[in-house]
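Below you'll find the structure, written out as structure tokens, and then a few comments.
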Amino acid sequence: MTETRSSTHRPDRRRSVRTLLDQTDDALRRGARPGAVVWPSGFRLLDSTLDGGLRSGELVLLGGSEGSGKTTLAVQMVRNAVAAGRSAVIFSFEHEAGTVVQRLLGLEAAYAAEASDQPVSQAGNVHAFRAVFEAEDPHRQGLAEALGHLPYGRAALTMMDAYAERLHIHEANSQTTIEEIASVVAMMSDEIGERPMVLVDYLQKVPRPGVQEDETTRVTIVTESLKDLAMEMECPVVAISAADRDSLGSGRRMRTHDLRGSSALAYEADVVLILSSKDNIVSREHLVYDLGAIKIYRRWSVITVEKNRHGSGSVELELQKDFEHGRFHPTMRIVSERLIEERVFTT
């Protein structure tokens with residue numbers, strides 16, 4: 001992948017409709033799947049909206065303001081995919097690999113508590129798992145024993161062991177170019193024998209060293225290249241995107257055009273999800289007669305499906321925050337309140 005899509009040398013990808021029909025017929029006769037492969041996000045309502053989940057060959061943008069939980073949601077979707085038997089790789093420009101693992105342990109502890117019909121509050125949280133990683137073990141008994149002292153700590157480790165070989169974390173830096181991302185994905189595909197789901201956290205940090213260009217040009221090329229990667233490797237690529245702070249004033253909702261850097265973000269993406277804290281975007285009419293409602297809304301986030309090539313767009317879904325355990329509660333619901341910049345109630 002070089003400068004732009006137009007300048008990249010490609011083999012002839014033409015196929016006649018006859019060839020496509022014959023290939024589909026052959027796949028069906030062999031019991032294979034002729035169409036796109038779907039990776040479930042693990043959130044039933046979101047998967048229903050996306051007609052099953054995240055598709056091979058698609059670029060999914062996840063945008064949101066700082067602190068809205070973008071990484072939390074994306075990592076949880078990756079976790080759900082690998083827990084369902086798929087593979088995935090996370091390119092983390094924001095967090096060390098150990099930090100991601102600690103979040104996953106907190107998430108699994110919460111799931112383990114729910115599976116035991118116990119309150120999630122009783123499970124060890126991310127801070128408790130972090131403390132284990134940062135403390136010395138005077139008895140040198142190892143990780144399982146150390147986590148065994150946390151509520152559902154050993155269960156969390158057991159649940160992670162089930163998919164640990166299929167989930168890879170790449171600590172990205174200023175040298176983690178598009179070319180390196182593509183190389184890692186190809187290598188992982190060869191090692192595991194299947195295409196992985198790819199998470200880039202986050203898009204605006206993917207570098208192009210040695211090139212003099214403004215951010216708009218760089219983001220355009222990176223976005224096009226990630227879309228190319230999704231199509232060529234036949235896997236879904238989820239890219240977290242930062243917001244342009246200057247465009248977000250008081251009383252405004254974040255939209256696709258508020259993502260930082262380039263109009264190519266909206267053009268190239270197959271799916272665009274915008275994550276917002278509900279208290280920031282609910283219409284003020286819901287707060288006039290109940291000042292305590294703001295505390296309730298702060299516990300929830302809203303996912304706006306702004307673009308969806310294979311299903312409904314402009315869908316508003318909400319899910320409850322559980323950031324103490326590095327996750328959102330797994331059950332979503334459709335937003336019933338009026339949101340700012342909306343003319344009608346969502347149903």
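Within each chain, counting starts at residue 1; across the structure tokens, chains are named A, B, ... in the order shown, with ligands numbered 1 upward in that order.
Once stretch 170-177 of chain A and its same-chain neighbours fewer than 5 positions away are set aside, Val89, Ile90, Phe91, Ser92, Phe93, Glu94, His95, Glu96, Ala97, Gly98, Ala182, Ser183, Val184, Val200, Asp201, Tyr202, Lys205, Val206, Pro207, Arg208, Pro209 and Val222 of chain A remain within 10 Å of it when counting only C-alpha atoms.
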File of the preceding selection, N, CA, C and O atoms, as a PDB file, in the first residue's frame:
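Writing the result to selection11.pdb gives the following:
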ATOM      1  N   VAL A  89      -7.082  -9.137  16.351  1.00  0.00           N
ATOM      2  CA  VAL A  89      -5.852  -8.470  16.740  1.00  0.00           C
ATOM      3  C   VAL A  89      -6.169  -7.006  17.016  1.00  0.00           C
ATOM      4  O   VAL A  89      -6.913  -6.370  16.269  1.00  0.00           O
ATOM      5  N   ILE A  90      -5.623  -6.493  18.108  1.00  0.00           N
ATOM      6  CA  ILE A  90      -5.808  -5.109  18.523  1.00  0.00           C
ATOM      7  C   ILE A  90      -4.498  -4.359  18.318  1.00  0.00           C
ATOM      8  O   ILE A  90      -3.459  -4.760  18.848  1.00  0.00           O
ATOM      9  N   PHE A  91      -4.542  -3.276  17.540  1.00  0.00           N
ATOM     10  CA  PHE A  91      -3.404  -2.374  17.405  1.00  0.00           C
ATOM     11  C   PHE A  91      -3.671  -1.186  18.328  1.00  0.00           C
ATOM     12  O   PHE A  91      -4.505  -0.335  18.032  1.00  0.00           O
ATOM     13  N   SER A  92      -2.994  -1.176  19.460  1.00  0.00           N
ATOM     14  CA  SER A  92      -3.290  -0.205  20.506  1.00  0.00           C
ATOM     15  C   SER A  92      -2.235   0.894  20.538  1.00  0.00           C
ATOM     16  O   SER A  92      -1.104   0.683  20.987  1.00  0.00           O
ATOM     17  N   PHE A  93      -2.620   2.072  20.041  1.00  0.00           N
ATOM     18  CA  PHE A  93      -1.754   3.247  20.123  1.00  0.00           C
ATOM     19  C   PHE A  93      -1.927   3.967  21.452  1.00  0.00           C
ATOM     20  O   PHE A  93      -1.119   4.826  21.793  1.00  0.00           O
ATOM     21  N   GLU A  94      -2.972   3.645  22.188  1.00  0.00           N
ATOM     22  CA  GLU A  94      -3.343   4.385  23.392  1.00  0.00           C
ATOM     23  C   GLU A  94      -2.948   3.685  24.690  1.00  0.00           C
ATOM     24  O   GLU A  94      -2.662   4.344  25.677  1.00  0.00           O
ATOM     25  N   HIS A  95      -2.949   2.363  24.693  1.00  0.00           N
ATOM     26  CA  HIS A  95      -2.774   1.631  25.944  1.00  0.00           C
ATOM     27  C   HIS A  95      -1.746   0.519  25.774  1.00  0.00           C
ATOM     28  O   HIS A  95      -1.637  -0.096  24.709  1.00  0.00           O
ATOM     29  N   GLU A  96      -1.002   0.251  26.848  1.00  0.00           N
ATOM     30  CA  GLU A  96      -0.102  -0.885  26.866  1.00  0.00           C
ATOM     31  C   GLU A  96      -0.913  -2.179  26.861  1.00  0.00           C
ATOM     32  O   GLU A  96      -2.070  -2.214  27.296  1.00  0.00           O
ATOM     33  N   ALA A  97      -0.292  -3.252  26.375  1.00  0.00           N
ATOM     34  CA  ALA A  97      -0.984  -4.535  26.300  1.00  0.00           C
ATOM     35  C   ALA A  97      -1.470  -4.993  27.672  1.00  0.00           C
ATOM     36  O   ALA A  97      -2.574  -5.544  27.813  1.00  0.00           O
ATOM     37  N   GLY A  98      -0.651  -4.754  28.694  1.00  0.00           N
ATOM     38  CA  GLY A  98      -1.057  -5.167  30.039  1.00  0.00           C
ATOM     39  C   GLY A  98      -2.317  -4.469  30.503  1.00  0.00           C
ATOM     40  O   GLY A  98      -3.156  -5.061  31.189  1.00  0.00           O
ATOM     41  N   ALA A 182      -0.742  -4.239   7.992  1.00  0.00           N
ATOM     42  CA  ALA A 182      -1.096  -5.246   6.987  1.00  0.00           C
ATOM     43  C   ALA A 182      -0.221  -6.485   7.128  1.00  0.00           C
ATOM     44  O   ALA A 182      -0.699  -7.621   7.003  1.00  0.00           O
ATOM     45  N   SER A 183       1.076  -6.289   7.405  1.00  0.00           N
ATOM     46  CA  SER A 183       1.992  -7.419   7.565  1.00  0.00           C
ATOM     47  C   SER A 183       1.616  -8.281   8.766  1.00  0.00           C
ATOM     48  O   SER A 183       1.628  -9.519   8.692  1.00  0.00           O
ATOM     49  N   VAL A 184       1.269  -7.635   9.881  1.00  0.00           N
ATOM     50  CA  VAL A 184       0.890  -8.375  11.084  1.00  0.00           C
ATOM     51  C   VAL A 184      -0.397  -9.163  10.850  1.00  0.00           C
ATOM     52  O   VAL A 184      -0.514 -10.331  11.253  1.00  0.00           O
ATOM     53  N   VAL A 200      -8.160  -0.966  15.344  1.00  0.00           N
ATOM     54  CA  VAL A 200      -7.127   0.068  15.363  1.00  0.00           C
ATOM     55  C   VAL A 200      -7.569   1.162  16.325  1.00  0.00           C
ATOM     56  O   VAL A 200      -8.582   1.819  16.106  1.00  0.00           O
ATOM     57  N   ASP A 201      -6.808   1.367  17.385  1.00  0.00           N
ATOM     58  CA  ASP A 201      -7.160   2.332  18.420  1.00  0.00           C
ATOM     59  C   ASP A 201      -5.992   3.325  18.611  1.00  0.00           C
ATOM     60  O   ASP A 201      -5.067   3.056  19.361  1.00  0.00           O
ATOM     61  N   TYR A 202      -5.958   4.489  17.892  1.00  0.00           N
ATOM     62  CA  TYR A 202      -7.053   4.910  17.046  1.00  0.00           C
ATOM     63  C   TYR A 202      -6.528   5.412  15.702  1.00  0.00           C
ATOM     64  O   TYR A 202      -5.312   5.574  15.533  1.00  0.00           O
ATOM     65  N   LYS A 205      -3.864   8.209  14.853  1.00  0.00           N
ATOM     66  CA  LYS A 205      -2.491   8.019  15.317  1.00  0.00           C
ATOM     67  C   LYS A 205      -1.671   7.123  14.402  1.00  0.00           C
ATOM     68  O   LYS A 205      -0.471   6.937  14.641  1.00  0.00           O
ATOM     69  N   VAL A 206      -2.289   6.568  13.362  1.00  0.00           N
ATOM     70  CA  VAL A 206      -1.516   5.745  12.432  1.00  0.00           C
ATOM     71  C   VAL A 206      -0.558   6.664  11.669  1.00  0.00           C
ATOM     72  O   VAL A 206      -0.994   7.605  11.002  1.00  0.00           O
ATOM     73  N   PRO A 207       0.749   6.427  11.758  1.00  0.00           N
ATOM     74  CA  PRO A 207       1.725   7.379  11.185  1.00  0.00           C
ATOM     75  C   PRO A 207       2.035   7.103   9.712  1.00  0.00           C
ATOM     76  O   PRO A 207       1.777   6.017   9.192  1.00  0.00           O
ATOM     77  N   ARG A 208       2.582   8.115   9.078  1.00  0.00           N
ATOM     78  CA  ARG A 208       3.173   7.995   7.734  1.00  0.00           C
ATOM     79  C   ARG A 208       4.530   8.671   7.790  1.00  0.00           C
ATOM     80  O   ARG A 208       4.703   9.782   7.279  1.00  0.00           O
ATOM     81  N   PRO A 209       5.515   8.025   8.429  1.00  0.00           N
ATOM     82  CA  PRO A 209       6.814   8.672   8.647  1.00  0.00           C
ATOM     83  C   PRO A 209       7.518   9.005   7.345  1.00  0.00           C
ATOM     84  O   PRO A 209       7.413   8.287   6.341  1.00  0.00           O
ATOM     85  N   VAL A 222      -4.733   7.096   5.219  1.00  0.00           N
ATOM     86  CA  VAL A 222      -4.843   6.024   6.204  1.00  0.00           C
ATOM     87  C   VAL A 222      -6.230   5.372   6.133  1.00  0.00           C
ATOM     88  O   VAL A 222      -6.354   4.133   6.161  1.00  0.00           O
TER      89      VAL A 222
END
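Excluding A:Leu45 itself and any same-chain residue fewer than 5 positions from it, the protein and nucleic acid residues within 9 Å of it, counting only C-alpha atoms, are A:Leu50, A:Leu317, A:Thr331, A:Met332, A:Arg333, A:Ile334.
Distance annotation: of A:Ser68, A:Val101, A:Leu167, A:Asp270, the residue with the minimal separation from A:Trp300 is A:Ser68; atom set is only C-alpha atoms.
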Among stretch 69-317 of chain A, which ones does DSSP assign to alpha helix (DSSP H) (computed from the backbone)? Answer as a count of residues only. 104
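Distances to A:Ala81 were evaluated for A:Trp39, A:Tyr267, A:Tyr163, A:Phe323 using only C-alpha atoms, and the minimum falls at A:Trp39.
Residues in contact range of A:Asp161, defined as at most 12 Å between only C-alpha atoms, with sequence neighbours fewer than 2 positions away removed, read Val82, Ala83, Val101, Leu104, Leu105, Glu108, Ala144, Arg154, Ala155, Ala156, Leu157, Thr158, Met159, Tyr163, Ala164, Glu165, Arg166 and Leu167 of chain A.
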Expected file: the selected residues, N, CA and C atoms, as a CSV table (one decimal), in the first residue's frame:
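Saved to part.csv:
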chain,number,residue,atom,x,y,z
A,82,VAL,N,-14.0,-13.1,19.8
A,82,VAL,CA,-13.1,-14.2,20.1
A,82,VAL,C,-13.8,-15.3,21.0
A,83,ALA,N,-14.6,-14.8,21.9
A,83,ALA,CA,-15.3,-15.7,22.8
A,83,ALA,C,-16.3,-16.6,22.1
A,101,VAL,N,-5.3,-6.2,29.0
A,101,VAL,CA,-5.5,-7.5,29.6
A,101,VAL,C,-6.2,-7.3,31.0
A,104,LEU,N,-9.8,-6.7,30.3
A,104,LEU,CA,-10.5,-7.9,29.9
A,104,LEU,C,-10.8,-8.8,31.2
A,105,LEU,N,-9.8,-8.8,32.1
A,105,LEU,CA,-10.1,-9.6,33.3
A,105,LEU,C,-11.2,-9.0,34.1
A,108,GLU,N,-14.4,-10.0,32.4
A,108,GLU,CA,-14.7,-11.4,32.5
A,108,GLU,C,-15.2,-11.7,34.0
A,144,ALA,N,-2.5,-17.3,38.6
A,144,ALA,CA,-3.7,-17.9,39.0
A,144,ALA,C,-4.0,-17.8,40.5
A,154,ARG,N,-10.3,-16.0,39.6
A,154,ARG,CA,-9.8,-17.2,39.0
A,154,ARG,C,-10.8,-17.6,37.8
A,155,ALA,N,-12.1,-17.3,38.0
A,155,ALA,CA,-13.0,-17.6,36.9
A,155,ALA,C,-12.8,-16.7,35.7
A,156,ALA,N,-12.4,-15.4,36.0
A,156,ALA,CA,-12.1,-14.5,34.9
A,156,ALA,C,-10.9,-15.0,34.1
A,157,LEU,N,-9.9,-15.5,34.8
A,157,LEU,CA,-8.7,-16.1,34.1
A,157,LEU,C,-9.0,-17.3,33.3
A,158,THR,N,-9.9,-18.1,33.8
A,158,THR,CA,-10.3,-19.3,33.1
A,158,THR,C,-11.0,-19.0,31.8
A,159,MET,N,-11.9,-18.0,31.9
A,159,MET,CA,-12.7,-17.5,30.7
A,159,MET,C,-11.7,-16.9,29.7
A,163,TYR,N,-9.9,-18.2,25.1
A,163,TYR,CA,-9.7,-17.5,23.8
A,163,TYR,C,-8.3,-16.8,23.7
A,164,ALA,N,-7.4,-17.0,24.7
A,164,ALA,CA,-6.2,-16.3,24.8
A,164,ALA,C,-5.3,-16.5,23.6
A,165,GLU,N,-5.3,-17.7,23.0
A,165,GLU,CA,-4.5,-17.9,21.8
A,165,GLU,C,-5.0,-17.2,20.5
A,166,ARG,N,-6.2,-16.9,20.5
A,166,ARG,CA,-6.8,-16.3,19.3
A,166,ARG,C,-6.9,-14.8,19.4
A,167,LEU,N,-6.6,-14.2,20.5
A,167,LEU,CA,-6.6,-12.7,20.6
A,167,LEU,C,-5.2,-12.2,20.8
Students should find that atom CA of A:Asn125 and atom CA of A:Gly69 are spaced 16.2 Å
According to DSSP computed on the backbone, where in stretch 117-193 of chain A is there strand (DSSP E or B)? Give the residues as an MDAnalysis selection string. chainID A and resid 167:171
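Atom CA of A:Val60 to atom CA of A:Arg298 spans 25.9 Å [interatomic distance, one decimal].
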Do a neighbour search on A:Leu59 at 9 Å with only C-alpha atoms, toss out local chain neighbours closer than 3 positions, and write the hits as a ChimeraX atom specification. /A:54-56,223,226-231,235-239,268-272
Selection file, all heavy atoms, as a compact mmCIF listing (two decimals), in the first residue's frame:
# COMPACT_ATOMS: atom_id res chain seq x y z
N LEU A 54 -20.49 -7.60 12.18
CA LEU A 54 -19.45 -6.93 11.40
C LEU A 54 -19.01 -7.86 10.28
O LEU A 54 -18.68 -9.02 10.52
CB LEU A 54 -18.27 -6.58 12.31
CG LEU A 54 -18.63 -5.89 13.63
CD1 LEU A 54 -17.37 -5.64 14.45
CD2 LEU A 54 -19.38 -4.60 13.38
N ARG A 55 -18.98 -7.34 9.06
CA ARG A 55 -18.74 -8.17 7.89
C ARG A 55 -17.29 -8.11 7.39
O ARG A 55 -16.63 -7.08 7.50
CB ARG A 55 -19.66 -7.74 6.74
CG ARG A 55 -21.05 -8.25 6.90
CD ARG A 55 -21.98 -7.72 5.82
NE ARG A 55 -23.16 -8.52 5.78
CZ ARG A 55 -24.07 -8.56 6.75
NH1 ARG A 55 -23.92 -7.79 7.80
NH2 ARG A 55 -25.12 -9.35 6.66
N SER A 56 -16.87 -9.22 6.82
CA SER A 56 -15.57 -9.25 6.15
C SER A 56 -15.56 -8.22 5.03
O SER A 56 -16.54 -8.03 4.32
CB SER A 56 -15.30 -10.65 5.59
OG SER A 56 -16.35 -11.06 4.71
N THR A 223 -7.27 6.18 6.01
CA THR A 223 -8.62 5.64 5.94
C THR A 223 -8.80 4.78 4.70
O THR A 223 -9.35 3.67 4.76
CB THR A 223 -9.66 6.78 5.95
OG1 THR A 223 -9.46 7.60 7.10
CG2 THR A 223 -11.07 6.23 5.96
N LEU A 226 -6.96 1.49 5.21
CA LEU A 226 -7.65 0.56 6.10
C LEU A 226 -8.82 -0.11 5.39
O LEU A 226 -9.09 -1.30 5.60
CB LEU A 226 -8.12 1.28 7.36
CG LEU A 226 -7.03 1.70 8.35
CD1 LEU A 226 -7.63 2.51 9.50
CD2 LEU A 226 -6.29 0.48 8.90
N LYS A 227 -9.53 0.65 4.55
CA LYS A 227 -10.60 0.05 3.76
C LYS A 227 -10.03 -0.98 2.79
O LYS A 227 -10.58 -2.09 2.62
CB LYS A 227 -11.35 1.14 3.00
CG LYS A 227 -12.40 0.62 2.01
CD LYS A 227 -13.47 -0.21 2.69
CE LYS A 227 -14.49 -0.69 1.67
NZ LYS A 227 -15.52 -1.57 2.26
N ASP A 228 -8.91 -0.65 2.14
CA ASP A 228 -8.25 -1.60 1.25
C ASP A 228 -7.85 -2.87 2.01
O ASP A 228 -8.00 -3.99 1.51
CB ASP A 228 -7.01 -0.98 0.63
CG ASP A 228 -7.36 0.00 -0.48
OD1 ASP A 228 -8.52 0.00 -0.95
OD2 ASP A 228 -6.47 0.78 -0.88
N LEU A 229 -7.31 -2.69 3.22
CA LEU A 229 -6.90 -3.83 4.04
C LEU A 229 -8.08 -4.74 4.33
O LEU A 229 -7.97 -5.97 4.23
CB LEU A 229 -6.27 -3.33 5.34
CG LEU A 229 -5.91 -4.40 6.38
CD1 LEU A 229 -4.80 -5.30 5.85
CD2 LEU A 229 -5.48 -3.75 7.69
N ALA A 230 -9.21 -4.15 4.71
CA ALA A 230 -10.40 -4.94 5.00
C ALA A 230 -10.83 -5.76 3.79
O ALA A 230 -11.18 -6.94 3.91
CB ALA A 230 -11.54 -4.03 5.46
N MET A 231 -10.78 -5.15 2.61
CA MET A 231 -11.22 -5.84 1.40
C MET A 231 -10.22 -6.91 0.96
O MET A 231 -10.60 -8.03 0.60
CB MET A 231 -11.43 -4.82 0.27
CG MET A 231 -12.56 -3.84 0.53
SD MET A 231 -12.77 -2.63 -0.81
CE MET A 231 -13.27 -3.71 -2.15
N CYS A 235 -11.61 -9.26 6.01
CA CYS A 235 -11.89 -9.24 7.44
C CYS A 235 -12.51 -7.90 7.80
O CYS A 235 -12.38 -6.94 7.04
CB CYS A 235 -10.61 -9.46 8.24
SG CYS A 235 -9.38 -8.14 8.06
N PRO A 236 -13.20 -7.80 8.92
CA PRO A 236 -13.68 -6.49 9.34
C PRO A 236 -12.57 -5.70 10.03
O PRO A 236 -11.79 -6.26 10.80
CB PRO A 236 -14.80 -6.83 10.34
CG PRO A 236 -14.43 -8.17 10.88
CD PRO A 236 -13.66 -8.88 9.80
N VAL A 237 -12.49 -4.42 9.72
CA VAL A 237 -11.54 -3.52 10.39
C VAL A 237 -12.35 -2.48 11.15
O VAL A 237 -13.13 -1.74 10.55
CB VAL A 237 -10.60 -2.83 9.38
CG1 VAL A 237 -9.73 -1.80 10.09
CG2 VAL A 237 -9.73 -3.86 8.67
N VAL A 238 -12.17 -2.46 12.46
CA VAL A 238 -12.83 -1.46 13.30
C VAL A 238 -11.79 -0.42 13.67
O VAL A 238 -10.74 -0.75 14.23
CB VAL A 238 -13.42 -2.09 14.58
CG1 VAL A 238 -14.06 -1.03 15.46
CG2 VAL A 238 -14.43 -3.18 14.23
N ALA A 239 -12.06 0.83 13.33
CA ALA A 239 -11.11 1.91 13.61
C ALA A 239 -11.78 2.93 14.51
O ALA A 239 -12.83 3.49 14.16
CB ALA A 239 -10.63 2.56 12.32
N GLU A 268 -15.47 6.43 3.00
CA GLU A 268 -14.88 5.10 2.92
C GLU A 268 -15.56 4.09 3.85
O GLU A 268 -15.61 2.90 3.55
CB GLU A 268 -13.39 5.15 3.25
CG GLU A 268 -12.56 5.93 2.26
CD GLU A 268 -12.45 5.22 0.92
OE1 GLU A 268 -12.65 3.99 0.88
OE2 GLU A 268 -12.17 5.90 -0.08
N ALA A 269 -16.05 4.55 4.99
CA ALA A 269 -16.59 3.62 5.99
C ALA A 269 -17.87 2.96 5.51
O ALA A 269 -18.70 3.57 4.84
CB ALA A 269 -16.84 4.36 7.30
N ASP A 270 -18.03 1.69 5.86
CA ASP A 270 -19.27 0.96 5.57
C ASP A 270 -20.26 1.14 6.72
O ASP A 270 -21.47 1.14 6.50
CB ASP A 270 -18.96 -0.52 5.38
CG ASP A 270 -18.01 -0.76 4.22
OD1 ASP A 270 -18.47 -0.70 3.07
OD2 ASP A 270 -16.81 -0.97 4.48
N VAL A 271 -19.74 1.27 7.92
CA VAL A 271 -20.56 1.48 9.11
C VAL A 271 -19.92 2.60 9.93
O VAL A 271 -18.70 2.61 10.12
CB VAL A 271 -20.66 0.19 9.97
CG1 VAL A 271 -21.44 0.46 11.26
CG2 VAL A 271 -21.31 -0.94 9.18
N VAL A 272 -20.73 3.53 10.40
CA VAL A 272 -20.26 4.58 11.30
C VAL A 272 -21.11 4.54 12.56
O VAL A 272 -22.34 4.67 12.50
CB VAL A 272 -20.33 5.98 10.67
CG1 VAL A 272 -19.85 7.03 11.67
CG2 VAL A 272 -19.49 6.05 9.40
Counting only C-alpha atoms, the option among A:Val38, A:Met77, A:Val126, A:Ile281 closest to A:Arg103: A:Val126
Residues within 10 Å of A:Leu319, only C-alpha atoms, excluding chain neighbours under 3 positions, as a PDB file with N, CA and C atoms, in the first residue's frame:
ATOM      1  N   PHE A  43     -23.530  -7.841  20.945  1.00  0.00           N
ATOM      2  CA  PHE A  43     -24.659  -7.045  21.428  1.00  0.00           C
ATOM      3  C   PHE A  43     -25.836  -7.327  20.494  1.00  0.00           C
ATOM      4  N   SER A 277     -22.317  10.042  25.699  1.00  0.00           N
ATOM      5  CA  SER A 277     -22.918   9.879  27.015  1.00  0.00           C
ATOM      6  C   SER A 277     -24.332  10.444  26.963  1.00  0.00           C
ATOM      7  N   LYS A 278     -25.289   9.693  27.457  1.00  0.00           N
ATOM      8  CA  LYS A 278     -26.687  10.070  27.288  1.00  0.00           C
ATOM      9  C   LYS A 278     -27.015  11.408  27.930  1.00  0.00           C
ATOM     10  N   ARG A 299     -25.455   7.302  33.625  1.00  0.00           N
ATOM     11  CA  ARG A 299     -25.082   5.879  33.678  1.00  0.00           C
ATOM     12  C   ARG A 299     -25.215   5.194  32.328  1.00  0.00           C
ATOM     13  N   TRP A 300     -25.710   5.936  31.336  1.00  0.00           N
ATOM     14  CA  TRP A 300     -26.000   5.321  30.042  1.00  0.00           C
ATOM     15  C   TRP A 300     -25.245   6.018  28.920  1.00  0.00           C
ATOM     16  N   SER A 301     -24.943   5.266  27.887  1.00  0.00           N
ATOM     17  CA  SER A 301     -24.385   5.810  26.656  1.00  0.00           C
ATOM     18  C   SER A 301     -25.322   5.494  25.502  1.00  0.00           C
ATOM     19  N   VAL A 302     -25.254   6.315  24.472  1.00  0.00           N
ATOM     20  CA  VAL A 302     -26.091   6.130  23.285  1.00  0.00           C
ATOM     21  C   VAL A 302     -25.189   5.863  22.091  1.00  0.00           C
ATOM     22  N   ILE A 303     -25.496   4.797  21.355  1.00  0.00           N
ATOM     23  CA  ILE A 303     -24.827   4.509  20.093  1.00  0.00           C
ATOM     24  C   ILE A 303     -25.751   4.934  18.967  1.00  0.00           C
ATOM     25  N   ASP A 322     -20.570   0.245  32.646  1.00  0.00           N
ATOM     26  CA  ASP A 322     -19.993  -0.496  33.770  1.00  0.00           C
ATOM     27  C   ASP A 322     -18.479  -0.377  33.650  1.00  0.00           C
ATOM     28  N   PHE A 328     -19.462  -2.383  29.003  1.00  0.00           N
ATOM     29  CA  PHE A 328     -20.849  -1.959  29.070  1.00  0.00           C
ATOM     30  C   PHE A 328     -21.689  -3.188  29.394  1.00  0.00           C
ATOM     31  N   HIS A 329     -22.836  -2.979  30.041  1.00  0.00           N
ATOM     32  CA  HIS A 329     -23.739  -4.103  30.239  1.00  0.00           C
ATOM     33  C   HIS A 329     -24.161  -4.635  28.875  1.00  0.00           C
ATOM     34  N   PRO A 330     -24.240  -5.944  28.720  1.00  0.00           N
ATOM     35  CA  PRO A 330     -24.406  -6.525  27.384  1.00  0.00           C
ATOM     36  C   PRO A 330     -25.763  -6.320  26.732  1.00  0.00           C
ATOM     37  N   THR A 331     -26.767  -5.902  27.493  1.00  0.00           N
ATOM     38  CA  THR A 331     -28.105  -5.754  26.919  1.00  0.00           C
ATOM     39  C   THR A 331     -28.343  -4.306  26.509  1.00  0.00           C
ATOM     40  N   MET A 332     -28.594  -4.106  25.229  1.00  0.00           N
ATOM     41  CA  MET A 332     -28.936  -2.783  24.711  1.00  0.00           C
ATOM     42  C   MET A 332     -30.449  -2.617  24.642  1.00  0.00           C
ATOM     43  N   ARG A 333     -30.876  -1.385  24.466  1.00  0.00           N
ATOM     44  CA  ARG A 333     -32.290  -1.111  24.211  1.00  0.00           C
ATOM     45  C   ARG A 333     -32.393   0.131  23.331  1.00  0.00           C
ATOM     46  N   ILE A 334     -33.539   0.281  22.689  1.00  0.00           N
ATOM     47  CA  ILE A 334     -33.767   1.433  21.826  1.00  0.00           C
ATOM     48  C   ILE A 334     -34.062   2.656  22.691  1.00  0.00           C
ATOM     49  N   VAL A 335     -33.481   3.785  22.331  1.00  0.00           N
ATOM     50  CA  VAL A 335     -33.686   5.019  23.083  1.00  0.00           C
ATOM     51  C   VAL A 335     -35.146   5.454  22.951  1.00  0.00           C
TER      52      VAL A 335
END
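Nearest-residue note for A:Ala186: choosing from A:Glu213, A:Glu232, A:Glu306, A:Glu316, the minimum distance belongs to A:Glu232, counting only C-alpha atoms.
Each of A:Ala128, A:Met233, A:Ala84, A:Leu339 was compared to A:Glu58 using only C-alpha atoms, and A:Met233 turns out to be the nearest.
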Nearest to A:Ser48 among A:Leu265, A:Ala115, A:Ala88, A:Val315, with distances taken over only C-alpha atoms: which residue is it? A:Val315
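You will find atom CA of A:His127 at 12.4 Å from atom CA of A:Val100.
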